[in-house]
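Peer 1: Below are the structure tokens for one structure; questions will follow.
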Amino acid sequence: MPNAPGRSGSRGRAPAPLLAVGRSRRRGTAGAAALLVAAGTLAACGGDSGGPPTLSWYTNPDNGGQKEIAARCSEASGGAYTISTSVLPNAAAGQREQLIRRLAAEDSSIDLMSLDPPFVPEFAEAGFLAPVPEDVAERTTDGVVQGAIDGATWNDELVAVPFWANTQILWYRKSVAETAGLDMSQPVTWDQVVQAAQDQDVLIGAQGARAESLTVWLNGLIESAGGSIIEENADKPEDIVLGLDTEAGQRAAEVMRAVAESGQVGAAFSTADENAGATGFESDQGGFTVNYPFIWTQAQGKVADGVLDQSVIDDYDAAVWPRVDADTPPAPPLGGIDLGIGAFSENVDLAFEAAECIRSEENQAFYFTNSGNPASLASVFDDPEVLEAFPQAPVIRESLELAAPRPQTPYYSEITGGVQRMYHPPASVGDETGAEATEFIGAVLRGDELL
Amino acid sequence: MSTTTLPPTKKDAPVSAPAGRTSDRARSERKLGWLLAGPAFLVMLAVTAYPILQAAYDSLFSYRLTDPDNRSFNGLGNYTVILTDRLWWTSLGVTLLITVITVLVELVLGFALAMVMAKMLRAIRPVVRAAILIPYAVITVVSAFAWQFAFDIDTGFVNSWFTWLPGVSADTDWFGDQGTSLLVVCLAEIWKTTPFISLLLLAGLAQVPEVLQEAAQVDGATWWQRLWKVTLPNMKAAIMVALLFRTLDAFRVFDSIFVMTNGANNTESVSFLAYRQTISRLEIGLGSAVSVLLFLCVVLLATLFIKGFKVDLASARGEG
């Protein structure tokens with residue numbers, strides 16, 4: 001359709017001075033805005049302003065505990081440095097993606113980063129982590145639980161500083177266990193937990209969502225059955241030997257399916273993560289959940305906010321992760337956070353100094369009680385304040401000693417992605433899943449299939 | 001009653017210069033045109049052509065971002081892996097399904113909304129238009145979260161409010177299988193982008209000459225006959241452009257799937273597949289090959305629309 005010249009013409013004939021004033025004002029505003037943006041950008045880059053260097057610490061999301069520790073360490077440094085924190089995405093996979101893309105571009109603004117242990121080998125192998133000086137390695141591993149040291153080690157070298165160590169424990173409602181006749185002072189098995197939940201018609205919380213938490217669960221089950229997801233590690237991805245299609249792998253699959261089909265996991269088990277497990281455990285139908293210690297501080301917060309009754313958390317108690325087989329000790333999931341120092345940082349020495357401050361006994365105790373994230377230093381578990389805030393601390397410490405890490409390989413994203421694809425939804429897991437997963441993940445590692 | 005459209009306007013040849021010669025004025029106008037459009041053209045080349053060419057180049061290599069030293073030429077190997085993988089074809093099927101369902105529903109709903117806006121009283125038209133446009137102003141990720149929360153078994157209201165619908169109960173796990181997951185993804189997409197289609201169609205409706213409507217009415221045509229024989233044929237160009245834009249957009253669906261299912265239960269789209277290979281696995285070569293194939297699919301769709309359905313973009317812009 002033709003243009004309407006009359007209209008556009010009338011616009012074009014608008015009095016010139018008015019237009020000029022409008023343009024000039026707009027230009028002025030735009031100019032001012034540009035100056036502000038430029039000033040802000042320059043201020044943000046102000047590392048060379050003569051003051052103490054600002055160290056950037058990329059943290060996983062928490063309740064503000066790491067930010068508080070950053071402030072404490074900045075103050076304790078006596079002006080040697082200031083730590084600023086930047087929060088990474090919620091999911092562990094998202095945290096890895098953001099960090100790795102920046103580091104691949106040799107981003108010098110990353111001084112410190114909170115790293116999930118399974119990603120440590122990949123970062124180390126790619127040369128993204130500054131080597132840990134020997135004296136720092138000695139000081140930061142002294143008195144640290146072995147699982148946390150293992151998680152920060154690659155090729156027999158400490159490549160990150162252990163900060164806090166997480167583990168899953170079996171949370172249970174005292175009233176439910178008592179009615180079901182379960183003696184929780186003794187080790188319990190998954191079969192017993194399922195049976196008790198069915199008898200009492202209560203929920204079992206586990207992680208059935210297609211996410212990292214599913215790999216965590218499967219790895220815990222296989223390790224508890226005496227196997228490993230990776231049986232033989234190798235430098236070349238195609239040479240990695242998987243242990244999914246083994247006796248231990250089969251037993252883990254059986255337990256996973258038994259839990260998923262117990263009828264006690266809620267209607268949305270295939271999308272259930274740790275938070276869903278915590279919510280279910282708080283509900284009237286709460287019975288058991290394998291979950292991290294954070295659910296204790298979370299529930300206490302809800303009581304303080306008046307959204308959860310005190311009687312609910314009075315009924316909370318915890319034991320070590322269930323056994324897969326009655327006569328074999330469990331190998332609960334191991335998590336936590338290590339502090340990686342960016343290889344391209346311009347303040348590597350100061351960053352290590354800051355890392356030592358961050359993982360100090362005092363700060364780990366604060367983080368444990370404030371955020372519910374357990375310490376990697378064994379001595380913190382004897383701290384009276386910690387014991388008062390976390391009556392389950394002895395169980396957590398015992399669990400950390402038994403815990404097994406997830407597979408350590410630079411190709412962890414392929415392993416966990418393949419596990420999540422093949423073992424989801426957990427109710428679909430069968431006798432053949434181990435063999436199929438082995439074949440599929442092998443093909444992905446060889447570069448023959450998409451993930 | 002036959003279809004009624006206005007005869008095409010006669011386009012006169014320019015008379016300012018004899019054929020085969022360009023006047024000074026035309027030359028200077030052409031030069032001005034290049035000066036004005038040149039910077040934008042260069043920016044477009046930098047931000048679109050360069051990444052596309054780079055992706056095409058990278059797709060020929062076996063290249064992992066964390067292991068650049070072992071980059072090796074792989075020829076068309078990545079394409080062979082992709083095109084022989086069941087996951088690629090499943091993802092392509094899911095993408096096409098989402099595209100077809102959302103575009104068709106959006107076209108019908110968008111047309112209805114455009115009619116409402118066109119016939120609305122002049123006084124309240126801006127308010128209605130703004131109200132209809134609100135979903136389009138919402139960022140896709142935010143919209144995806146909103147729909148996820150609405151359908152979530154714990155936090156959602158859908159399972160409480162819609163139990164009167166067959167198949168919906170308090171325990172309906174919408175994100176527990178492929179069908180229901182895709183349904184929610186489609187609903188979110190339709191809710192968000194219907195306003196876009198309705199705006200394009202509203203522009204098309206405004207182009208339908210009132211004189212034809214009046215003539216048809218005088219001839220005794222019903223509302224339905226006028227819609228089919230006068231309105232729709234006269235806004236064909238606008239409809240086809242709306243369809244083209246939305247189809248290309250829908251084919252690249254990513255955000256809703258990423259937020260709602262993270263690809264679980266075979267809900268991966270082609271874009272999601274590219275994301276997983278490139279960003280999660282850091283396999284730049286393989287991921288670039290998926291991206292190139294996605295790009296070729298989009299080019300194919302655009303060509304089909306423009307050549308197959310004879311979409312005239314100039315006419316839709318009112319330049320015909």
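Residues in the structure tokens are numbered from 1 in each chain, the chains being A, B, ... in the order shown, and ligands are numbered from 1 in the order shown.
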List every residue of region 255-399 of chain A that DSSP, applied to the backbone of this structure, places in helix (DSSP H, G or I), and write the result as a PyMOL selection string.
Peer 2: chain A and resi 255-260+269-271+274-282+294-305+310-314+348-358+361-371+378-382+384-389+393-399
Peer 1: Which chain B residues are at most 7 Å from chain A (counting only C-alpha atoms), as a VMD selection string?
Peer 2: chain B and resid 65 to 67 81 to 82 85 87 153 171 173 176 264 277 279 to 281 315 318 to 320
Peer 1: Save out the residues we just selected, N, CA and C atoms, as a PDB file, in the first residue's frame.
Peer 2:
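As a result, result_13.pdb now contains:
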```pdb
ATOM      1  N   LEU B  65      36.888 -27.031  24.041  1.00  0.00           N
ATOM      2  CA  LEU B  65      37.333 -25.716  24.535  1.00  0.00           C
ATOM      3  C   LEU B  65      38.431 -25.835  25.578  1.00  0.00           C
ATOM      4  N   THR B  66      38.384 -26.882  26.407  1.00  0.00           N
ATOM      5  CA  THR B  66      39.385 -27.011  27.466  1.00  0.00           C
ATOM      6  C   THR B  66      40.650 -27.723  26.982  1.00  0.00           C
ATOM      7  N   ASP B  67      40.658 -28.129  25.719  1.00  0.00           N
ATOM      8  CA  ASP B  67      41.815 -28.861  25.196  1.00  0.00           C
ATOM      9  C   ASP B  67      42.162 -28.363  23.794  1.00  0.00           C
ATOM     10  N   VAL B  81      28.197 -37.737  12.476  1.00  0.00           N
ATOM     11  CA  VAL B  81      27.781 -38.151  13.828  1.00  0.00           C
ATOM     12  C   VAL B  81      26.368 -37.644  14.121  1.00  0.00           C
ATOM     13  N   ILE B  82      26.122 -36.385  13.806  1.00  0.00           N
ATOM     14  CA  ILE B  82      24.825 -35.783  14.144  1.00  0.00           C
ATOM     15  C   ILE B  82      23.696 -36.427  13.334  1.00  0.00           C
ATOM     16  N   ASP B  85      22.565 -39.807  14.350  1.00  0.00           N
ATOM     17  CA  ASP B  85      22.195 -39.965  15.761  1.00  0.00           C
ATOM     18  C   ASP B  85      20.676 -39.803  15.927  1.00  0.00           C
ATOM     19  N   LEU B  87      19.123 -38.973  18.497  1.00  0.00           N
ATOM     20  CA  LEU B  87      18.793 -37.799  19.308  1.00  0.00           C
ATOM     21  C   LEU B  87      18.547 -36.558  18.441  1.00  0.00           C
ATOM     22  N   ILE B 153       3.974 -29.124  40.774  1.00  0.00           N
ATOM     23  CA  ILE B 153       3.084 -29.905  41.647  1.00  0.00           C
ATOM     24  C   ILE B 153       3.057 -29.354  43.071  1.00  0.00           C
ATOM     25  N   ASP B 171      -2.410 -34.529  41.913  1.00  0.00           N
ATOM     26  CA  ASP B 171      -1.129 -35.224  41.765  1.00  0.00           C
ATOM     27  C   ASP B 171      -0.615 -35.242  40.321  1.00  0.00           C
ATOM     28  N   ASP B 173       1.613 -34.671  37.490  1.00  0.00           N
ATOM     29  CA  ASP B 173       2.996 -34.215  37.368  1.00  0.00           C
ATOM     30  C   ASP B 173       3.223 -33.758  35.925  1.00  0.00           C
ATOM     31  N   GLY B 176       6.471 -34.531  34.222  1.00  0.00           N
ATOM     32  CA  GLY B 176       6.901 -35.910  34.432  1.00  0.00           C
ATOM     33  C   GLY B 176       6.957 -36.731  33.164  1.00  0.00           C
ATOM     34  N   ALA B 264      14.645 -32.910  29.886  1.00  0.00           N
ATOM     35  CA  ALA B 264      14.249 -34.245  30.366  1.00  0.00           C
ATOM     36  C   ALA B 264      13.055 -34.768  29.572  1.00  0.00           C
ATOM     37  N   GLN B 277      25.879 -29.456  23.493  1.00  0.00           N
ATOM     38  CA  GLN B 277      27.178 -29.856  22.941  1.00  0.00           C
ATOM     39  C   GLN B 277      28.204 -28.732  23.108  1.00  0.00           C
ATOM     40  N   ILE B 279      28.008 -25.631  25.033  1.00  0.00           N
ATOM     41  CA  ILE B 279      28.218 -24.973  26.328  1.00  0.00           C
ATOM     42  C   ILE B 279      28.455 -25.995  27.449  1.00  0.00           C
ATOM     43  N   SER B 280      27.664 -27.068  27.484  1.00  0.00           N
ATOM     44  CA  SER B 280      27.844 -28.031  28.581  1.00  0.00           C
ATOM     45  C   SER B 280      29.046 -28.931  28.338  1.00  0.00           C
ATOM     46  N   ARG B 281      29.090 -29.516  27.148  1.00  0.00           N
ATOM     47  CA  ARG B 281      30.193 -30.445  26.866  1.00  0.00           C
ATOM     48  C   ARG B 281      31.457 -29.721  26.415  1.00  0.00           C
ATOM     49  N   SER B 315       5.673  -5.867   0.029  1.00  0.00           N
ATOM     50  CA  SER B 315       4.248  -5.533   0.030  1.00  0.00           C
ATOM     51  C   SER B 315       3.695  -5.498   1.444  1.00  0.00           C
ATOM     52  N   GLY B 318       4.093  -2.348   3.138  1.00  0.00           N
ATOM     53  CA  GLY B 318       3.388  -1.231   2.536  1.00  0.00           C
ATOM     54  C   GLY B 318       4.183  -0.534   1.464  1.00  0.00           C
ATOM     55  N   GLU B 319       5.110  -1.259   0.837  1.00  0.00           N
ATOM     56  CA  GLU B 319       5.944  -0.627  -0.175  1.00  0.00           C
ATOM     57  C   GLU B 319       5.534  -1.019  -1.584  1.00  0.00           C
ATOM     58  N   GLY B 320       4.537  -1.910  -1.650  1.00  0.00           N
ATOM     59  CA  GLY B 320       4.191  -2.421  -2.945  1.00  0.00           C
ATOM     60  C   GLY B 320       3.510  -1.422  -3.825  1.00  0.00           C
TER      61      GLY B 320
END
```
Peer 1: Excluding same-chain residues fewer than 4 positions from Ala258 (chain A), what lies within 12 Å of it counting only C-alpha atoms, as an mmCIF file with C-alpha atoms, in the first residue's frame?
Peer 2:
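Just written: selection.cif:
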```
data_model
loop_
_atom_site.group_PDB
_atom_site.id
_atom_site.type_symbol
_atom_site.label_atom_id
_atom_site.label_comp_id
_atom_site.auth_asym_id
_atom_site.auth_seq_id
_atom_site.Cartn_x
_atom_site.Cartn_y
_atom_site.Cartn_z
ATOM 1 C CA TRP A 190 17.497 -48.912 51.895
ATOM 2 C CA ASP A 191 15.148 -51.891 51.972
ATOM 3 C CA GLN A 192 14.320 -51.196 55.621
ATOM 4 C CA VAL A 193 13.687 -47.522 54.916
ATOM 5 C CA VAL A 194 11.376 -48.358 52.001
ATOM 6 C CA GLN A 195 9.525 -50.932 54.095
ATOM 7 C CA GLN A 198 5.331 -48.093 53.152
ATOM 8 C CA ILE A 204 10.961 -40.967 51.250
ATOM 9 C CA ALA A 206 15.534 -38.726 47.262
ATOM 10 C CA ARG A 251 22.529 -53.579 42.834
ATOM 11 C CA ALA A 252 22.500 -49.768 42.714
ATOM 12 C CA ALA A 253 19.936 -49.856 39.905
ATOM 13 C CA GLU A 254 17.756 -52.242 41.919
ATOM 14 C CA SER A 262 7.806 -47.708 46.398
ATOM 15 C CA GLY A 263 4.786 -45.458 46.073
ATOM 16 C CA GLN A 264 6.256 -43.292 48.856
ATOM 17 C CA VAL A 265 8.248 -40.774 46.827
ATOM 18 C CA VAL A 324 22.722 -50.944 50.169
ATOM 19 C CA PRO A 426 14.457 -43.528 38.083
ATOM 20 C CA ALA A 427 11.266 -45.607 37.807
ATOM 21 C CA SER A 428 12.368 -46.618 34.296
ATOM 22 C CA VAL A 429 15.686 -48.044 35.503
ATOM 23 C CA GLY A 430 15.911 -51.754 34.787
#
```
Peer 1: Expressed in Å to a single decimal, how great is the separation between CA of Pro322 (chain A) and CA of Val188 (chain A)?
Peer 2: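 For CA of Pro322 (chain A) relative to CA of Val188 (chain A), the distance reads 5.3 Å.
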Peer 1: Which neighbours of Phe73 (chain B) fall inside 9 Å, counting only C-alpha atoms, when residues of the same chain fewer than 6 positions from it are skipped, and could you give them as a list in words?
Peer 2: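 Here the answer would be Leu60, Phe61, Ser62 and Tyr63 of chain B.
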Peer 1: Within 7 Å of region 290-306 of chain B, counting only C-alpha atoms, which residues show up once you throw out same-chain ones fewer than 3 positions away? Write them as a list of chain:residue names, please.
Peer 2: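 With the cut-off at 7 Å, the set is B:Ala55, B:Ala56, B:Leu244, B:Leu248, B:Val270, B:Ala274, B:Leu286, B:Gly287, B:Phe309, B:Lys310, B:Val311.
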Peer 1: Produce a file of the selected residues containing C-alpha atoms, as a PDB file, in the first residue's frame.
Peer 2:
```
ATOM      1  CA  ALA B  55      30.753 -21.691  13.312  1.00  0.00           C
ATOM      2  CA  ALA B  56      30.859 -23.251   9.854  1.00  0.00           C
ATOM      3  CA  LEU B 244       7.224 -16.520   8.476  1.00  0.00           C
ATOM      4  CA  LEU B 248      11.490 -18.917  12.314  1.00  0.00           C
ATOM      5  CA  VAL B 270      17.510 -28.464  18.224  1.00  0.00           C
ATOM      6  CA  ALA B 274      23.376 -27.160  20.248  1.00  0.00           C
ATOM      7  CA  LEU B 286      30.247 -30.806  17.348  1.00  0.00           C
ATOM      8  CA  GLY B 287      28.148 -27.973  18.787  1.00  0.00           C
ATOM      9  CA  PHE B 309       4.103 -19.302  -0.593  1.00  0.00           C
ATOM     10  CA  LYS B 310       5.332 -16.288  -2.544  1.00  0.00           C
ATOM     11  CA  VAL B 311       5.568 -14.029   0.485  1.00  0.00           C
TER      12      VAL B 311
END
```
Peer 1: Give me, as a ChimeraX atom specification, all polymer residues having an atom no more than 7 Å from region 205-210 of chain B, counting only C-alpha atoms and skipping those fewer than 5 positions away in the same chain.
Peer 2: /B:231,234-235
Peer 1: I'd like the contact shell of Asp249 (chain B) - 12 Å cut-off, only C-alpha atoms, skipping same-chain residues fewer than 3 positions apart - returned as a PyMOL selection string.
Peer 2: chain B and resi 95-96+98-100+102-103+189-190+193+196-197+242-246+252-255+271+295+298+301-302
Peer 1: For the residues in that selection, give me N, CA and C atoms as a compact mmCIF listing (two decimals), in the first residue's frame.
Peer 2:
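Printed below is selection39.txt as written:
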```txt
# COMPACT_ATOMS: atom_id res chain seq x y z
N THR B 95 11.07 -30.14 17.89
CA THR B 95 11.10 -28.73 17.46
C THR B 95 9.99 -28.45 16.44
N LEU B 96 9.85 -29.35 15.47
CA LEU B 96 8.81 -29.15 14.44
C LEU B 96 7.42 -29.20 15.07
N ILE B 98 6.53 -28.47 18.18
CA ILE B 98 6.29 -27.22 18.92
C ILE B 98 6.02 -26.08 17.93
N THR B 99 6.78 -26.04 16.85
CA THR B 99 6.62 -24.97 15.87
C THR B 99 5.22 -25.00 15.25
N VAL B 100 4.82 -26.19 14.78
CA VAL B 100 3.53 -26.28 14.09
C VAL B 100 2.38 -25.94 15.04
N THR B 102 2.34 -24.29 18.01
CA THR B 102 2.29 -22.92 18.52
C THR B 102 1.93 -21.92 17.42
N VAL B 103 2.50 -22.09 16.23
CA VAL B 103 2.25 -21.11 15.17
C VAL B 103 0.77 -21.15 14.73
N GLU B 189 4.69 -20.60 25.25
CA GLU B 189 5.09 -19.93 24.00
C GLU B 189 3.90 -19.19 23.39
N ILE B 190 2.74 -19.86 23.38
CA ILE B 190 1.55 -19.24 22.77
C ILE B 190 1.15 -17.99 23.54
N THR B 193 3.81 -15.13 22.72
CA THR B 193 4.07 -14.56 21.39
C THR B 193 2.81 -14.31 20.54
N PHE B 196 2.48 -10.73 19.42
CA PHE B 196 3.34 -10.34 18.28
C PHE B 196 2.60 -10.58 16.97
N ILE B 197 2.02 -11.79 16.86
CA ILE B 197 1.28 -12.12 15.64
C ILE B 197 0.07 -11.21 15.50
N ALA B 242 3.64 -12.66 9.03
CA ALA B 242 3.49 -13.02 10.44
C ALA B 242 3.87 -14.49 10.63
N LEU B 243 3.40 -15.34 9.73
CA LEU B 243 3.70 -16.77 9.82
C LEU B 243 5.20 -17.02 9.67
N LEU B 244 5.79 -16.33 8.72
CA LEU B 244 7.22 -16.52 8.48
C LEU B 244 8.03 -16.14 9.71
N PHE B 245 7.78 -14.93 10.23
CA PHE B 245 8.56 -14.47 11.39
C PHE B 245 8.38 -15.40 12.57
N ARG B 246 7.14 -15.77 12.83
CA ARG B 246 6.86 -16.59 14.02
C ARG B 246 7.41 -18.01 13.84
N ARG B 252 13.42 -21.85 16.85
CA ARG B 252 14.63 -21.71 17.67
C ARG B 252 14.31 -21.80 19.16
N VAL B 253 13.16 -22.40 19.51
CA VAL B 253 12.71 -22.46 20.91
C VAL B 253 13.81 -23.04 21.80
N PHE B 254 14.08 -22.33 22.91
CA PHE B 254 15.14 -22.78 23.83
C PHE B 254 14.78 -22.48 25.29
N ASP B 255 14.49 -21.21 25.58
CA ASP B 255 14.36 -20.76 26.97
C ASP B 255 13.36 -21.57 27.78
N SER B 271 17.87 -26.27 19.26
CA SER B 271 18.69 -25.24 19.91
C SER B 271 19.27 -25.78 21.21
N PHE B 295 20.88 -23.55 11.54
CA PHE B 295 20.86 -22.39 10.64
C PHE B 295 20.32 -22.79 9.27
N VAL B 298 16.63 -23.20 9.33
CA VAL B 298 15.95 -21.90 9.34
C VAL B 298 15.96 -21.28 7.94
N LEU B 301 13.40 -23.09 5.87
CA LEU B 301 12.04 -22.65 6.19
C LEU B 301 11.74 -21.30 5.55
N ALA B 302 12.70 -20.38 5.69
CA ALA B 302 12.50 -19.04 5.13
C ALA B 302 12.34 -19.12 3.61
```
Peer 1: One decimal, in Å: what's the spacing between CA of Gln168 (chain A) and CA of Pro293 (chain A)?
Peer 2: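 Computing the Euclidean distance for CA of Gln168 (chain A) and CA of Pro293 (chain A) yields 7.0 Å.
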Peer 1: Mind listing the strand (DSSP E or B) residues of region 252-351 of chain A, per DSSP on the backbone, as JSON, numbers by chain?
Peer 2: {"A": [286, 287, 288, 289, 290, 291, 316, 317, 318, 319, 323, 333, 334, 335, 336, 337, 338, 339, 340, 341, 342]}
Peer 1: CA of Thr267 (chain B) and CA of Tyr423 (chain A), how far apart in Å?
Peer 2: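 Calculated distance between CA of Tyr423 (chain A) and CA of Thr267 (chain B) is 15.9 Å.
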